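Text of protein26.cif, listed as mmCIF, C-alpha atoms:
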```cif
data_upload
#
loop_
_atom_site.label_atom_id
_atom_site.label_comp_id
_atom_site.auth_asym_id
_atom_site.auth_seq_id
_atom_site.Cartn_x
_atom_site.Cartn_y
_atom_site.Cartn_z
CA MET E 1 24.26 -12.34 -28.07
CA LYS E 2 21.99 -10.50 -25.66
CA ILE E 3 22.66 -6.84 -24.86
CA ALA E 4 21.03 -4.92 -22.00
CA ILE E 5 20.36 -1.21 -22.53
CA THR E 6 19.07 1.06 -19.76
CA THR E 7 15.91 2.75 -20.96
CA ALA E 8 13.39 5.36 -19.91
CA GLY E 9 10.62 3.64 -21.91
CA LYS E 10 9.56 0.26 -23.21
CA THR E 11 10.28 0.54 -26.93
CA LEU E 12 13.34 0.79 -29.14
CA ASP E 13 12.69 4.48 -29.84
CA SER E 14 12.71 5.29 -26.10
CA PRO E 15 15.62 7.39 -24.83
CA VAL E 16 18.49 5.65 -23.06
CA ASP E 17 18.28 6.16 -19.29
CA PRO E 18 21.68 7.54 -18.22
CA ARG E 19 21.40 5.83 -14.80
CA PHE E 20 22.13 2.16 -14.37
CA GLY E 21 21.00 1.08 -10.88
CA ARG E 22 18.06 3.44 -10.83
CA ALA E 23 17.14 3.19 -14.50
CA VAL E 24 13.41 3.02 -15.27
CA GLY E 25 13.98 -0.32 -16.98
CA PHE E 26 16.12 -2.38 -19.34
CA ILE E 27 15.65 -3.47 -22.90
CA ILE E 28 17.27 -6.84 -23.52
CA TYR E 29 18.12 -6.96 -27.21
CA ASN E 30 19.09 -10.21 -28.89
CA SER E 31 21.47 -9.39 -31.74
CA ASP E 32 21.07 -12.83 -33.31
CA THR E 33 17.28 -12.84 -33.57
CA GLN E 34 16.89 -9.01 -33.46
CA GLU E 35 14.14 -9.48 -30.90
CA HIS E 36 13.88 -7.47 -27.73
CA LYS E 37 12.06 -7.54 -24.43
CA TYR E 38 11.54 -5.01 -21.63
CA ILE E 39 12.41 -5.55 -17.95
CA ASP E 40 10.94 -3.19 -15.39
CA ASN E 41 13.33 -1.81 -12.73
CA GLN E 42 10.78 -0.03 -10.51
CA GLN E 43 11.76 -1.97 -7.40
CA ASN E 44 15.44 -1.01 -7.65
CA MET E 45 14.59 2.58 -8.55
CA ASN E 46 13.23 3.00 -5.03
CA ALA E 47 15.74 0.82 -3.18
CA PRO E 48 17.41 2.56 -0.22
CA GLN E 49 20.78 1.14 -1.21
CA GLY E 50 22.32 -1.50 -3.44
CA ALA E 51 20.28 -0.51 -6.52
CA GLY E 52 23.32 -0.98 -8.77
CA ILE E 53 23.99 -4.47 -7.43
CA GLN E 54 20.38 -5.54 -7.88
CA ALA E 55 20.28 -4.03 -11.37
CA ALA E 56 23.42 -6.00 -12.21
CA LYS E 57 21.68 -9.15 -10.97
CA ALA E 58 18.65 -8.38 -13.17
CA VAL E 59 20.89 -7.95 -16.22
CA VAL E 60 22.86 -11.14 -15.49
CA ASP E 61 19.71 -13.14 -14.77
CA ALA E 62 18.27 -11.97 -18.11
CA GLY E 63 21.21 -13.64 -19.81
CA ALA E 64 22.82 -10.48 -21.19
CA GLU E 65 26.51 -10.51 -22.02
CA ALA E 66 26.90 -6.76 -22.51
CA LEU E 67 25.43 -3.64 -20.90
CA ILE E 68 25.06 -0.23 -22.49
CA THR E 69 24.21 2.67 -20.19
CA GLY E 70 25.07 6.25 -19.33
CA HIS E 71 26.92 5.82 -16.05
CA CYS E 72 27.95 2.95 -13.82
CA GLY E 73 29.08 3.13 -10.20
CA PRO E 74 31.80 1.07 -8.50
CA LYS E 75 29.73 -1.70 -6.88
CA ALA E 76 27.57 -2.27 -9.94
CA PHE E 77 30.69 -2.32 -12.12
CA MET E 78 32.40 -4.82 -9.85
CA ALA E 79 29.30 -7.05 -9.85
CA LEU E 80 28.98 -6.88 -13.65
CA LYS E 81 32.66 -7.60 -14.21
CA SER E 82 32.59 -10.55 -11.78
CA ALA E 83 29.79 -12.03 -13.88
CA GLY E 84 31.78 -11.39 -17.08
CA ILE E 85 29.51 -8.70 -18.53
CA LYS E 86 31.03 -6.17 -20.94
CA VAL E 87 30.11 -2.62 -19.89
CA PHE E 88 29.74 0.36 -22.21
CA THR E 89 29.06 3.74 -20.59
CA GLY E 90 28.46 7.23 -21.97
CA ALA E 91 25.52 6.16 -24.12
CA ASP E 92 22.85 8.67 -25.15
CA GLY E 93 20.13 8.99 -27.79
CA THR E 94 17.51 6.31 -28.33
CA VAL E 95 17.85 2.61 -27.63
CA GLN E 96 17.75 1.93 -31.41
CA GLU E 97 20.60 4.38 -32.07
CA VAL E 98 22.70 2.80 -29.34
CA ILE E 99 22.13 -0.70 -30.73
CA GLU E 100 23.25 0.50 -34.17
CA LYS E 101 26.41 1.99 -32.66
CA PHE E 102 27.07 -1.27 -30.85
CA ASN E 103 26.59 -3.31 -34.02
CA SER E 104 28.91 -1.05 -36.01
CA GLY E 105 31.56 -1.47 -33.32
CA THR E 106 31.86 2.24 -32.50
CA LEU E 107 31.32 1.80 -28.75
CA THR E 108 34.38 1.22 -26.60
CA GLU E 109 34.27 -1.00 -23.56
CA THR E 110 34.56 0.76 -20.18
CA GLN E 111 37.45 -0.29 -17.96
CA GLY E 112 36.09 0.97 -14.64
CA ALA E 113 33.28 2.74 -12.83
CA ASP E 114 32.79 6.26 -14.25
CA VAL E 115 30.94 7.72 -11.24
CA SER E 116 31.29 7.27 -7.49
CA GLY E 117 28.85 5.31 -5.37
CA HIS E 118 25.69 6.89 -4.05
CA TRP E 119 25.24 6.34 -0.36
CA PHE E 120 21.72 6.04 0.95
CA MET S 1 13.52 6.09 32.56
CA ILE S 2 14.97 6.87 29.15
CA ILE S 3 14.83 10.42 27.78
CA ALA S 4 16.17 10.94 24.26
CA ILE S 5 17.11 14.39 23.01
CA ALA S 6 16.61 14.70 19.26
CA SER S 7 15.91 17.30 16.60
CA GLY S 8 15.31 17.32 12.90
CA LYS S 9 17.68 20.21 12.34
CA GLY S 10 21.28 20.18 13.46
CA GLY S 11 22.70 22.88 15.71
CA THR S 12 19.49 23.61 17.61
CA GLY S 13 20.97 22.78 21.02
CA LYS S 14 20.49 19.04 21.57
CA THR S 15 23.82 18.56 23.32
CA THR S 16 23.37 21.72 25.42
CA VAL S 17 19.96 20.51 26.60
CA ALA S 18 21.14 16.91 27.08
CA THR S 19 24.30 17.70 29.09
CA ASN S 20 22.64 20.32 31.29
CA LEU S 21 19.60 18.13 31.87
CA ALA S 22 21.85 15.22 32.88
CA LEU S 23 23.74 17.32 35.43
CA ALA S 24 20.62 19.02 36.79
CA VAL S 25 18.97 15.60 37.31
CA ARG S 26 22.12 14.27 38.98
CA ASP S 27 21.96 17.23 41.39
CA MET S 28 18.34 16.33 42.12
CA GLY S 29 19.69 13.08 43.59
CA TYR S 30 19.18 10.61 40.74
CA THR S 31 21.71 8.19 39.31
CA VAL S 32 22.18 9.42 35.76
CA GLN S 33 23.57 7.71 32.70
CA PHE S 34 24.55 9.74 29.65
CA LEU S 35 24.69 8.04 26.25
CA ASP S 36 26.05 10.10 23.37
CA CYS S 37 24.56 8.31 20.36
CA ASP S 38 25.75 10.92 17.87
CA VAL S 39 28.56 8.55 16.94
CA GLU S 40 29.46 10.38 13.75
CA GLU S 41 30.38 13.51 15.64
CA PRO S 42 30.12 12.97 19.38
CA ASN S 43 30.66 16.17 21.34
CA ALA S 44 28.99 15.76 24.75
CA HIS S 45 32.40 14.81 26.20
CA ILE S 46 33.58 18.38 25.52
CA PHE S 47 31.04 19.61 28.08
CA LEU S 48 30.87 16.69 30.51
CA LYS S 49 34.64 16.06 30.44
CA PRO S 50 34.34 12.39 31.43
CA LYS S 51 37.26 10.34 32.63
CA ILE S 52 37.34 7.49 30.09
CA LEU S 53 37.91 4.20 31.89
CA SER S 54 37.54 1.66 29.11
CA GLN S 55 37.46 1.39 25.35
CA LYS S 56 35.98 -1.38 23.21
CA LYS S 57 36.08 -2.03 19.48
CA VAL S 58 32.74 -2.68 17.82
CA ALA S 59 32.49 -4.91 14.76
CA VAL S 60 29.65 -5.79 12.42
CA SER S 61 29.36 -9.48 11.54
CA THR S 62 29.64 -9.65 7.76
CA PRO S 63 29.28 -12.82 5.69
CA SER S 64 32.11 -14.92 4.33
CA VAL S 65 30.98 -17.66 1.94
CA ASP S 66 32.53 -21.14 1.71
CA LYS S 67 32.40 -21.68 -2.06
CA GLU S 68 32.74 -25.46 -1.64
CA LYS S 69 29.54 -25.69 0.37
CA CYS S 70 27.52 -23.01 -1.48
CA THR S 71 24.96 -24.35 -3.95
CA LEU S 72 24.08 -20.85 -5.32
CA CYS S 73 20.48 -21.26 -4.12
CA GLY S 74 20.25 -17.48 -3.61
CA LYS S 75 18.34 -17.55 -0.30
CA CYS S 76 20.91 -15.25 1.36
CA GLY S 77 20.40 -12.62 -1.34
CA GLU S 78 16.61 -12.80 -0.97
CA VAL S 79 16.87 -12.21 2.78
CA CYS S 80 19.33 -9.31 2.55
CA GLN S 81 17.53 -5.98 2.34
CA PHE S 82 20.75 -4.11 1.60
CA SER S 83 22.26 -6.07 -1.32
CA ALA S 84 25.28 -6.87 0.81
CA ILE S 85 25.15 -10.45 -0.50
CA THR S 86 23.88 -11.41 -3.94
CA VAL S 87 23.95 -14.51 -6.08
CA MET S 88 24.30 -13.82 -9.79
CA GLY S 89 25.75 -15.56 -12.81
CA GLY S 90 27.03 -18.53 -10.85
CA LEU S 91 28.75 -16.40 -8.22
CA VAL S 92 28.09 -15.18 -4.69
CA LEU S 93 29.15 -11.57 -4.29
CA THR S 94 29.50 -9.86 -0.92
CA PHE S 95 29.74 -6.14 -0.21
CA PRO S 96 30.80 -5.86 3.44
CA GLU S 97 30.45 -2.06 3.50
CA LEU S 98 26.72 -2.43 2.78
CA CYS S 99 26.19 -5.05 5.50
CA HIS S 100 24.17 -4.03 8.56
CA GLY S 101 25.18 -7.18 10.42
CA CYS S 102 21.63 -8.50 10.92
CA GLY S 103 22.73 -12.14 10.55
CA GLY S 104 19.85 -12.94 8.15
CA CYS S 105 22.14 -14.57 5.60
CA PHE S 106 23.86 -16.85 8.13
CA ASN S 107 20.51 -18.05 9.37
CA SER S 108 18.90 -18.51 5.97
CA CYS S 109 21.72 -20.54 4.42
CA PRO S 110 20.52 -24.19 4.17
CA GLU S 111 24.08 -25.40 3.50
CA ASP S 112 25.65 -23.64 6.48
CA ALA S 113 28.13 -22.17 4.00
CA ILE S 114 28.27 -18.66 5.49
CA SER S 115 30.48 -17.77 8.41
CA GLU S 116 30.80 -14.48 10.27
CA VAL S 117 33.72 -12.16 9.77
CA GLY S 118 33.97 -9.05 11.94
CA ARG S 119 34.34 -5.68 10.26
CA GLU S 120 35.29 -2.92 12.67
CA VAL S 121 32.95 0.09 12.51
CA GLY S 122 34.17 2.06 15.51
CA VAL S 123 34.76 2.10 19.24
CA ILE S 124 32.70 2.76 22.34
CA GLU S 125 34.25 4.48 25.33
CA ARG S 126 32.94 4.38 28.87
CA GLY S 127 33.73 6.51 31.84
CA THR S 128 32.33 8.81 34.49
CA ALA S 129 31.76 12.53 34.42
CA SER S 130 31.43 13.93 37.96
CA GLY S 131 29.08 11.18 39.06
CA VAL S 132 27.30 10.72 35.73
CA LYS S 133 27.90 7.39 33.99
CA PHE S 134 29.09 8.20 30.51
CA THR S 135 29.19 6.18 27.26
CA HIS S 136 29.77 7.36 23.73
CA GLY S 137 30.62 5.83 20.38
CA ARG S 138 33.14 7.00 17.84
CA LEU S 139 32.51 5.85 14.30
CA ARG S 140 35.58 4.86 12.27
CA ILE S 141 36.48 7.63 9.81
CA SER S 142 34.93 7.01 6.35
CA GLU S 143 32.54 4.45 7.84
CA ALA S 144 28.87 4.91 6.88
CA MET S 145 27.28 2.18 9.00
CA SER S 146 26.49 3.92 12.27
CA PRO S 147 23.39 2.02 13.56
CA PRO S 148 25.34 -1.05 14.79
CA LEU S 149 27.66 1.22 16.79
CA ILE S 150 24.68 3.13 18.22
CA ARG S 151 23.17 -0.22 19.20
CA ALA S 152 26.41 -1.04 21.04
CA VAL S 153 26.29 2.29 22.94
CA LYS S 154 22.68 1.57 23.94
CA ARG S 155 23.54 -1.86 25.33
CA ASP S 156 24.82 0.07 28.34
CA VAL S 157 21.27 1.12 29.28
CA ASN S 158 20.42 0.34 32.90
CA ARG S 159 16.68 0.93 33.25
CA SER S 160 16.83 1.75 36.97
CA ASP S 161 18.86 4.91 36.24
CA VAL S 162 17.70 8.09 34.54
CA ILE S 163 19.13 7.75 31.06
CA VAL S 164 19.77 10.77 28.88
CA ILE S 165 20.41 9.98 25.22
CA ASP S 166 21.94 12.59 22.94
CA ALA S 167 20.74 11.60 19.46
CA PRO S 168 22.20 12.65 16.11
CA PRO S 169 20.28 15.23 14.05
CA GLY S 170 17.93 14.28 11.23
CA THR S 171 15.20 11.67 10.96
CA SER S 172 16.92 8.68 9.34
CA CYS S 173 18.21 5.29 10.58
CA PRO S 174 20.83 6.57 13.08
CA VAL S 175 18.23 8.79 14.78
CA ILE S 176 15.62 6.04 14.88
CA GLN S 177 18.17 3.62 16.31
CA SER S 178 19.03 6.22 18.99
CA VAL S 179 15.49 7.15 20.11
CA LYS S 180 13.87 3.69 19.75
CA GLY S 181 12.87 2.25 23.11
CA SER S 182 12.87 5.63 24.89
CA ASP S 183 10.09 6.64 27.26
CA TYR S 184 10.18 10.23 26.07
CA VAL S 185 11.71 12.22 23.23
CA LEU S 186 12.55 15.89 23.62
CA LEU S 187 12.64 17.58 20.23
CA VAL S 188 14.86 20.63 20.40
CA THR S 189 14.12 23.27 17.80
CA GLU S 190 14.61 26.94 17.09
CA PRO S 191 12.05 29.51 15.92
CA THR S 192 13.29 29.78 12.34
CA PRO S 193 11.70 28.49 9.12
CA PHE S 194 14.44 25.81 8.98
CA GLY S 195 13.86 24.81 12.59
CA LEU S 196 10.12 24.51 11.99
CA ASN S 197 10.48 22.58 8.75
CA ASP S 198 12.76 19.99 10.32
CA LEU S 199 10.69 19.87 13.52
CA LYS S 200 7.70 18.77 11.43
CA LEU S 201 9.75 15.89 10.02
CA ALA S 202 10.96 14.91 13.48
CA VAL S 203 7.37 14.98 14.80
CA GLU S 204 6.28 12.63 11.99
CA MET S 205 9.12 10.32 12.95
CA VAL S 206 8.34 10.10 16.70
CA ARG S 207 4.62 9.72 15.98
CA GLU S 208 5.45 6.82 13.68
CA LEU S 209 7.54 5.28 16.47
CA GLY S 210 4.72 5.88 18.96
CA ILE S 211 6.90 7.54 21.60
CA THR S 212 5.62 10.30 23.89
CA PHE S 213 7.35 13.56 23.02
CA GLY S 214 7.50 17.27 23.67
CA VAL S 215 9.26 20.27 22.19
CA VAL S 216 11.99 22.51 23.57
CA VAL S 217 12.21 25.87 21.82
CA ASN S 218 15.76 27.12 21.98
CA ARG S 219 16.76 30.73 21.23
CA ALA S 220 13.14 31.74 21.71
CA GLY S 221 12.52 35.27 20.56
CA MET S 222 15.07 35.28 17.75
CA GLY S 223 12.59 34.46 14.99
CA GLY S 224 8.83 34.50 14.96
CA ARG S 225 6.28 32.50 16.90
CA MET S 226 5.71 30.01 14.10
CA VAL S 227 6.95 27.04 16.12
CA ASN S 228 4.52 27.85 18.93
CA GLY S 229 1.71 28.23 16.37
CA TYR S 230 2.50 24.85 14.85
CA CYS S 231 2.67 23.13 18.26
CA ASP S 232 -0.69 24.69 19.32
CA GLN S 233 -2.30 23.51 16.15
CA GLU S 234 -0.91 19.97 16.49
CA GLY S 235 -1.57 19.71 20.22
CA ILE S 236 2.13 19.28 20.98
CA GLU S 237 3.39 20.28 24.41
CA ILE S 238 6.20 22.86 24.51
CA VAL S 239 7.97 21.70 27.66
CA SER S 240 10.54 24.43 27.81
CA GLU S 241 11.67 27.61 26.10
CA PHE S 242 15.17 28.99 26.39
CA PRO S 243 15.67 32.63 25.47
CA ASP S 244 18.11 33.82 22.83
CA ASP S 245 20.67 34.73 25.49
CA ARG S 246 24.15 35.62 24.23
CA ARG S 247 25.69 34.45 27.52
CA ILE S 248 24.47 30.87 26.83
CA ALA S 249 26.20 30.94 23.44
CA GLU S 250 29.38 32.25 25.04
CA ALA S 251 29.39 29.55 27.74
CA TYR S 252 28.71 26.91 25.05
CA SER S 253 31.56 28.16 22.89
CA ARG S 254 33.93 27.63 25.80
CA GLY S 255 32.64 24.12 26.45
CA ARG S 256 31.06 25.18 29.74
CA ILE S 257 27.93 23.90 31.45
CA ILE S 258 25.10 26.46 31.45
CA ILE S 259 23.64 25.57 34.85
CA GLU S 260 27.07 26.12 36.40
CA GLU S 261 27.95 29.32 34.51
CA LEU S 262 24.45 30.80 34.63
CA PRO S 263 22.78 29.24 37.71
CA GLU S 264 19.50 31.05 37.00
CA TYR S 265 18.87 28.44 34.30
CA ARG S 266 19.13 25.46 36.66
CA MET S 267 15.44 25.77 37.52
CA ASN S 268 14.49 25.52 33.84
CA PHE S 269 16.14 22.11 33.61
CA GLU S 270 14.60 20.93 36.90
CA HIS S 271 11.16 21.94 35.63
CA LEU S 272 11.89 20.33 32.30
CA PHE S 273 12.68 17.05 34.04
CA ARG S 274 9.58 17.21 36.27
CA ASP S 275 7.39 17.86 33.21
CA VAL S 276 8.91 14.95 31.34
CA GLN S 277 8.44 12.68 34.36
CA ALA S 278 4.79 13.74 34.61
CA ALA S 279 4.22 13.17 30.90
CA ILE S 280 5.71 9.66 31.13
CA ARG S 281 3.52 8.90 34.16
CA ARG S 282 0.41 10.14 32.31
CA GLN S 283 1.29 7.98 29.34
CA LYS S 284 1.72 4.92 31.55
CA THR S 285 -1.67 5.52 33.18
CA ASP S 286 -3.29 5.93 29.76
CA ASP S 287 -1.64 2.75 28.53
CA GLU S 288 -2.89 0.85 31.57
CA LYS S 289 -6.42 2.20 31.08
CA THR S 290 -6.36 1.16 27.43
CA TRP S 291 -5.12 -2.26 28.42
CA GLN S 292 -7.82 -2.59 31.09
CA ARG S 293 -10.52 -1.49 28.63
CA THR S 294 -9.34 -3.95 25.99
CA PHE S 295 -9.14 -6.63 28.66
CA ASN S 296 -12.72 -5.97 29.76
CA GLU S 297 -14.11 -5.63 26.24
CA THR S 298 -12.52 -8.85 25.07
CA GLY S 299 -13.85 -10.74 28.08
CA GLY S 300 -10.74 -10.98 30.22
CA PHE S 301 -8.69 -14.14 30.23
CA SER S 302 -11.53 -16.38 28.91
#
```

Would you kindly transcribe this structure into structure tokens?
Amino acid sequence: MKIAITTAGKTLDSPVDPRFGRAVGFIIYNSDTQEHKYIDNQQNMNAPQGAGIQAAKAVVDAGAEALITGHCGPKAFMALKSAGIKVFTGADGTVQEVIEKFNSGTLTETQGADVSGHWF
Amino acid sequence: MIIAIASGKGGTGKTTVATNLALAVRDMGYTVQFLDCDVEEPNAHIFLKPKILSQKKVAVSTPSVDKEKCTLCGKCGEVCQFSAITVMGGLVLTFPELCHGCGGCFNSCPEDAISEVGREVGVIERGTASGVKFTHGRLRISEAMSPPLIRAVKRDVNRSDVIVIDAPPGTSCPVIQSVKGSDYVLLVTEPTPFGLNDLKLAVEMVRELGITFGVVVNRAGMGGRMVNGYCDQEGIEIVSEFPDDRRIAEAYSRGRIIIEELPEYRMNFEHLFRDVQAAIRRQKTDDEKTWQRTFNETGGFS
């Protein structure tokens, strides 16, 4: 299963980026093969609006089935849920630490957006 | 002739200048049209007291997708600059509140699977205010998409009249939508550090749009001369200065017209209009000269 984690850097010891739509990038971690790859999110970081929706598209297009991040707004959450992605918010620490928490089953799935939308 | 009244900073006196200018120009014998484009908080009607004769709802055309016809090709999402329509994970998602109503998705869909659904963003009201043709827009409460409503207000423009546009404050989309297509922009500011800071942003904006502009310094004398210094340095014309006169503030607070309450200021607005007219004429002559020069240099029609 592929998991997307918002990240401020390109490696597993990078800190988790608390933002979703305007995260620096995503690490897509494959829990079956334990491989990972980095997806840049520069374009969405500077988007005037709809960053969360485009970030959701990037995560879905990468084939992820779960997302781990700090916060997730209403439109992004709706988009992720429509595509059947499990969302886990409130993550902090490094990407590696978050993956370990996910594997040990200590993360609980988020039932709704935890922050309001950012207009413009 | 279209004159837009704008400012970076709010509360500098845009509406005061716009309403008084409109009435002064009417009294000079012109047919005047007043467009209040500050649709989020229109207030010119408080001063002009128009008789509203008609009201019209304004809707933005948002996409509705026929899932039978859609092949999930994603062209609509590529066209949309605002993520109002996106294809992901075998689904088409639409976010009507993000839609600017440009119609790009309808036109780009090869399957003709997208139809238009109106989403009401506000109303425009038309009327007359003692001989001045009046139009303003009122954005629906909680609505964030003001440019389509501003566009609807501006559809009333009749180029043979003198058109006075009261723009919203700031330098973002609603302001650009309001001042775009004007012959002249009056930037109203005040001699405070805040006024100057936001004036600089507004100047950058009108320069980017390539519209002739000048500055009105309101409440002159209350702060320093920093606005004048900046305008000198940048070669910007200060077309008018209004003193920090308590009586103006009092008349304003009662919703009164300055040129009627304090007739000594009527001349300021007449001069202001003459200066703007002259600046527009100069610009037109310059434009024609540039055109002629380019025409000659490029060998005419050959």

_Expand the PyMOL selection byres ((chain S and resi 58) around 10) into the explicit residue set it covers here, and present it as a list in words._
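Checking the PyMOL selection byres ((chain S and resi 58) around 10) against this file, the residues are Gln55, Lys56, Lys57, Ala59, Val60, Ser61, Gly118, Arg119, Glu120, Val121, Gly122, Val123, Ile124, Gly137, Arg138, Leu139, Arg140, Pro148, Leu149, Ile150, Arg151, Ala152 and Val153 of chain S.
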
Just C-alpha atoms for this one: save the residues we selected as a PDB file, in the frame of the given file.
```
ATOM      1  CA  GLN S  55      37.460   1.390  25.350  1.00  0.00           C
ATOM      2  CA  LYS S  56      35.980  -1.380  23.210  1.00  0.00           C
ATOM      3  CA  LYS S  57      36.080  -2.030  19.480  1.00  0.00           C
ATOM      4  CA  ALA S  59      32.490  -4.910  14.760  1.00  0.00           C
ATOM      5  CA  VAL S  60      29.650  -5.790  12.420  1.00  0.00           C
ATOM      6  CA  SER S  61      29.360  -9.480  11.540  1.00  0.00           C
ATOM      7  CA  GLY S 118      33.970  -9.050  11.940  1.00  0.00           C
ATOM      8  CA  ARG S 119      34.340  -5.680  10.260  1.00  0.00           C
ATOM      9  CA  GLU S 120      35.290  -2.920  12.670  1.00  0.00           C
ATOM     10  CA  VAL S 121      32.950   0.090  12.510  1.00  0.00           C
ATOM     11  CA  GLY S 122      34.170   2.060  15.510  1.00  0.00           C
ATOM     12  CA  VAL S 123      34.760   2.100  19.240  1.00  0.00           C
ATOM     13  CA  ILE S 124      32.700   2.760  22.340  1.00  0.00           C
ATOM     14  CA  GLY S 137      30.620   5.830  20.380  1.00  0.00           C
ATOM     15  CA  ARG S 138      33.140   7.000  17.840  1.00  0.00           C
ATOM     16  CA  LEU S 139      32.510   5.850  14.300  1.00  0.00           C
ATOM     17  CA  ARG S 140      35.580   4.860  12.270  1.00  0.00           C
ATOM     18  CA  PRO S 148      25.340  -1.050  14.790  1.00  0.00           C
ATOM     19  CA  LEU S 149      27.660   1.220  16.790  1.00  0.00           C
ATOM     20  CA  ILE S 150      24.680   3.130  18.220  1.00  0.00           C
ATOM     21  CA  ARG S 151      23.170  -0.220  19.200  1.00  0.00           C
ATOM     22  CA  ALA S 152      26.410  -1.040  21.040  1.00  0.00           C
ATOM     23  CA  VAL S 153      26.290   2.290  22.940  1.00  0.00           C
TER      24      VAL S 153
END
```

*To verify the selection step, state as a count of residues only which residues the PyMOL selection byres ((chain S) within 10 of (chain E)) yields on this input.*
18

*Considering all atoms listed in the file, return as a PyMOL selection string whatever protein or nucleic-acid residues lie within 12 Å of Met226 in chain S, sequence-local ones (same chain, fewer than 6 positions apart) excluded.*
chain S and resi 189-197+199-200+217+220+232-233

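If only C-alpha atoms are the atoms counted, then among S:Thr19, S:Ser253, S:Ser240, S:Thr62 the closest residue to Glu97 in chain S is S:Thr62.
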
Starting from the shown file, work through the PyMOL selection byres ((chain E and resi 91-99) around 6) and note down what comes out as an mmCIF file with C-alpha atoms, in the coordinates of the input.
```
data_model
loop_
_atom_site.group_PDB
_atom_site.id
_atom_site.type_symbol
_atom_site.label_atom_id
_atom_site.label_comp_id
_atom_site.auth_asym_id
_atom_site.auth_seq_id
_atom_site.Cartn_x
_atom_site.Cartn_y
_atom_site.Cartn_z
ATOM 1 C CA LEU E 12 13.340 0.790 -29.140
ATOM 2 C CA ASP E 13 12.690 4.480 -29.840
ATOM 3 C CA SER E 14 12.710 5.290 -26.100
ATOM 4 C CA PRO E 15 15.620 7.390 -24.830
ATOM 5 C CA VAL E 16 18.490 5.650 -23.060
ATOM 6 C CA THR E 69 24.210 2.670 -20.190
ATOM 7 C CA GLY E 70 25.070 6.250 -19.330
ATOM 8 C CA THR E 89 29.060 3.740 -20.590
ATOM 9 C CA GLY E 90 28.460 7.230 -21.970
ATOM 10 C CA GLU E 100 23.250 0.500 -34.170
ATOM 11 C CA LYS E 101 26.410 1.990 -32.660
ATOM 12 C CA PHE E 102 27.070 -1.270 -30.850
#
```

*Residue among S:Gly103, S:Gly11, S:Pro263, S:Pro169 lying closest to Leu201 in chain S, counting all atoms listed in the file*: S:Pro169

If we count only C-alpha atoms and set the cut-off at 10 Å, which residues sit around range 204-206 of chain S, ignoring sequence neighbours fewer than 3 positions away in its own chain? Please answer as a compact mmCIF listing (two decimals) with C-alpha atoms, in the frame of the given file.
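The result, written out as selection_24.txt:
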```txt
# COMPACT_ATOMS: atom_id res chain seq x y z
CA ALA S 6 16.61 14.70 19.26
CA GLY S 8 15.31 17.32 12.90
CA GLY S 170 17.93 14.28 11.23
CA THR S 171 15.20 11.67 10.96
CA SER S 172 16.92 8.68 9.34
CA VAL S 175 18.23 8.79 14.78
CA ILE S 176 15.62 6.04 14.88
CA VAL S 179 15.49 7.15 20.11
CA LYS S 180 13.87 3.69 19.75
CA TYR S 184 10.18 10.23 26.07
CA VAL S 185 11.71 12.22 23.23
CA LEU S 186 12.55 15.89 23.62
CA LEU S 187 12.64 17.58 20.23
CA ASP S 198 12.76 19.99 10.32
CA LEU S 199 10.69 19.87 13.52
CA LYS S 200 7.70 18.77 11.43
CA LEU S 201 9.75 15.89 10.02
CA LEU S 209 7.54 5.28 16.47
CA GLY S 210 4.72 5.88 18.96
CA ILE S 211 6.90 7.54 21.60
CA THR S 212 5.62 10.30 23.89
CA PHE S 213 7.35 13.56 23.02
```

*So, counting all atoms listed in the file, which residue among S:Val17, S:Cys37, S:Val157, S:Gln277 is closest to Ser178 in chain S?*
S:Cys37

Output, as AutoDock Vina command-line options, the centre and edge lengths in Å (one decimal) of the axis-aligned box that contains all listed atoms of range 86-95 of chain S with 5 Å of margin on each side.
```
--center_x 26.8 --center_y -12.3 --center_z -6.5 --size_x 15.9 --size_y 22.4 --size_z 22.6
```

Need to verify the contact set: Cys173 in chain S, 10 Å, all atoms listed in the file, exclusion of same-chain residues closer than 4 positions in sequence. Can you return it as a PDB file with C-alpha atoms, in the coordinates of the input?
```pdb
ATOM      1  CA  MET S 145      27.280   2.180   9.000  1.00  0.00           C
ATOM      2  CA  SER S 146      26.490   3.920  12.270  1.00  0.00           C
ATOM      3  CA  PRO S 147      23.390   2.020  13.560  1.00  0.00           C
ATOM      4  CA  GLN S 177      18.170   3.620  16.310  1.00  0.00           C
ATOM      5  CA  SER S 178      19.030   6.220  18.990  1.00  0.00           C
TER       6      SER S 178
END
```

When you get a chance, write out N, CA and C atoms for range 225-229 of chain S, as a short mmCIF file (atom, residue, chain, number, x, y, z; two decimals), keeping the file's coordinate frame.
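To be explicit, this is the file written out as out.cif:
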```cif
data_model
loop_
_atom_site.label_atom_id
_atom_site.label_comp_id
_atom_site.auth_asym_id
_atom_site.auth_seq_id
_atom_site.Cartn_x
_atom_site.Cartn_y
_atom_site.Cartn_z
N ARG S 225 6.95 33.41 15.97
CA ARG S 225 6.28 32.50 16.90
C ARG S 225 5.74 31.28 16.14
N MET S 226 6.28 31.06 14.96
CA MET S 226 5.71 30.01 14.10
C MET S 226 5.79 28.62 14.71
N VAL S 227 6.84 28.36 15.50
CA VAL S 227 6.95 27.04 16.12
C VAL S 227 5.83 26.86 17.14
N ASN S 228 5.59 27.91 17.94
CA ASN S 228 4.52 27.85 18.93
C ASN S 228 3.17 27.64 18.24
N GLY S 229 2.97 28.35 17.13
CA GLY S 229 1.71 28.23 16.37
C GLY S 229 1.51 26.80 15.89
#
```
